[in-house]
Amino acid sequence: MKKVFEAIYDGHRIQVENRWFTGEKLYVDGELQDENLGLAFRGTLNGRIRNKENESKSIKVTLGGFFSIHCKVFVDHVLVPSYQIKISD
């Protein structure tokens, strides 16, 4: 099963993919920035994003849950609203 979460920050698309047994991936504007392989009940992904002034900001994603997966996206330690995208596998 595959779940995809998305957040938009300063015009950039942040996507997080979670697949049972194969792990998680973090994409920023379609570019893979981090991944965890294997099965885990909690995961953390890290990346970088550049703003309009060309300053670099950190991205941290936390994934977790037992019966369902929850995703939180932080840019420079500030929570960014994210939502799950319906994907058919």
# chains A, B, ... in the order shown; residues from 1 in each chain; ligands from 1

$ closest_atom_pairs --of "range 36-68 of chain A" --to "range 10-27 of chain A" --cutoff "7 Å" --atoms "only C-alpha atoms" --output "JSON lines"
{"residue": "A:Asn36", "atom": "CA", "partner": "A:Glu24", "partner_atom": "CA", "distance": 5.2}
{"residue": "A:Leu37", "atom": "CA", "partner": "A:Gly23", "partner_atom": "CA", "distance": 4.3}
{"residue": "A:Gly38", "atom": "CA", "partner": "A:Thr22", "partner_atom": "CA", "distance": 4.7}
{"residue": "A:Leu39", "atom": "CA", "partner": "A:Phe21", "partner_atom": "CA", "distance": 4.5}
{"residue": "A:Leu45", "atom": "CA", "partner": "A:Leu26", "partner_atom": "CA", "distance": 6.5}
{"residue": "A:Asn51", "atom": "CA", "partner": "A:Asp10", "partner_atom": "CA", "distance": 6.9}

$ write_last_selection --atoms "all heavy atoms" --output "PDB file, in the first residue's frame"
ATOM      1  N   ASN A  36      14.164   6.512   3.611  1.00  0.00           N
ATOM      2  CA  ASN A  36      14.384   5.470   4.608  1.00  0.00           C
ATOM      3  C   ASN A  36      13.906   4.170   3.980  1.00  0.00           C
ATOM      4  O   ASN A  36      12.820   4.123   3.417  1.00  0.00           O
ATOM      5  CB  ASN A  36      13.568   5.721   5.883  1.00  0.00           C
ATOM      6  CG  ASN A  36      14.060   6.908   6.669  1.00  0.00           C
ATOM      7  OD1 ASN A  36      15.233   7.234   6.662  1.00  0.00           O
ATOM      8  ND2 ASN A  36      13.137   7.565   7.361  1.00  0.00           N
ATOM      9  N   LEU A  37      14.693   3.141   4.101  1.00  0.00           N
ATOM     10  CA  LEU A  37      14.333   1.856   3.524  1.00  0.00           C
ATOM     11  C   LEU A  37      13.881   0.906   4.629  1.00  0.00           C
ATOM     12  O   LEU A  37      14.418   0.934   5.739  1.00  0.00           O
ATOM     13  CB  LEU A  37      15.516   1.256   2.771  1.00  0.00           C
ATOM     14  CG  LEU A  37      16.064   2.116   1.630  1.00  0.00           C
ATOM     15  CD1 LEU A  37      17.314   1.475   1.044  1.00  0.00           C
ATOM     16  CD2 LEU A  37      15.010   2.310   0.564  1.00  0.00           C
ATOM     17  N   GLY A  38      12.896   0.076   4.329  1.00  0.00           N
ATOM     18  CA  GLY A  38      12.446  -0.942   5.268  1.00  0.00           C
ATOM     19  C   GLY A  38      11.208  -0.527   6.039  1.00  0.00           C
ATOM     20  O   GLY A  38      10.659   0.550   5.870  1.00  0.00           O
ATOM     21  N   LEU A  39      10.791  -1.416   6.938  1.00  0.00           N
ATOM     22  CA  LEU A  39       9.583  -1.244   7.730  1.00  0.00           C
ATOM     23  C   LEU A  39       9.921  -0.550   9.039  1.00  0.00           C
ATOM     24  O   LEU A  39      10.865  -0.928   9.722  1.00  0.00           O
ATOM     25  CB  LEU A  39       8.951  -2.615   8.017  1.00  0.00           C
ATOM     26  CG  LEU A  39       7.721  -2.646   8.914  1.00  0.00           C
ATOM     27  CD1 LEU A  39       6.572  -1.911   8.243  1.00  0.00           C
ATOM     28  CD2 LEU A  39       7.341  -4.071   9.224  1.00  0.00           C
ATOM     29  N   LEU A  45      12.549  12.144   7.903  1.00  0.00           N
ATOM     30  CA  LEU A  45      13.214  12.499   6.649  1.00  0.00           C
ATOM     31  C   LEU A  45      13.662  13.950   6.734  1.00  0.00           C
ATOM     32  O   LEU A  45      12.988  14.775   7.358  1.00  0.00           O
ATOM     33  CB  LEU A  45      12.256  12.327   5.467  1.00  0.00           C
ATOM     34  CG  LEU A  45      11.722  10.916   5.228  1.00  0.00           C
ATOM     35  CD1 LEU A  45      10.516  10.961   4.299  1.00  0.00           C
ATOM     36  CD2 LEU A  45      12.804  10.039   4.652  1.00  0.00           C
ATOM     37  N   ASN A  51      14.432  29.630  -0.528  1.00  0.00           N
ATOM     38  CA  ASN A  51      13.355  30.602  -0.683  1.00  0.00           C
ATOM     39  C   ASN A  51      13.679  31.565  -1.822  1.00  0.00           C
ATOM     40  O   ASN A  51      14.695  31.418  -2.507  1.00  0.00           O
ATOM     41  CB  ASN A  51      13.072  31.333   0.640  1.00  0.00           C
ATOM     42  CG  ASN A  51      14.229  32.175   1.120  1.00  0.00           C
ATOM     43  OD1 ASN A  51      15.185  32.447   0.387  1.00  0.00           O
ATOM     44  ND2 ASN A  51      14.148  32.595   2.371  1.00  0.00           N
TER      45      ASN A  51
END

$ select_by_dssp --residues "chain A" --states "strand (DSSP E or B)" --output "PyMOL selection string"
chain A and resi 2-9+12-19+23-28+31-36+42-50+56-64+70-75+78-80+83-85

$ atom_distance --atom1 "CA of Ser56 in chain A" --atom2 "CA of His70 in chain A"
26.1 Å

$ atom_distance --atom1 "CA of Ile49 in chain A" --atom2 "CA of Met1 in chain A"
28.2 Å

$ residues_around --residues "Thr44 in chain A" --least-positions-apart "6" --cutoff "8 Å" --atoms "only C-alpha atoms" --output "PyMOL selection string"
chain A and resi 36+60-63

$ residues_around --residues "Gly47 in chain A" --least-positions-apart "6" --cutoff "7 Å" --atoms "only C-alpha atoms" --output "list in words"
Gln33, Asp34, Ser58, Ile59 and Lys60 of chain A

$ atom_distance --atom1 "CA of His77 in chain A" --atom2 "CA of Lys2 in chain A"
26.6 Å

$ closest_residue --among "A:Ile85, A:Val80, A:Lys72, A:Arg50" --to "Ile8 in chain A" --atoms "only C-alpha atoms"
A:Val80

$ closest_residue --among "A:Lys52, A:Gly43, A:Gln84, A:Val78" --to "Gly64 in chain A" --atoms "only C-alpha atoms"
A:Gly43
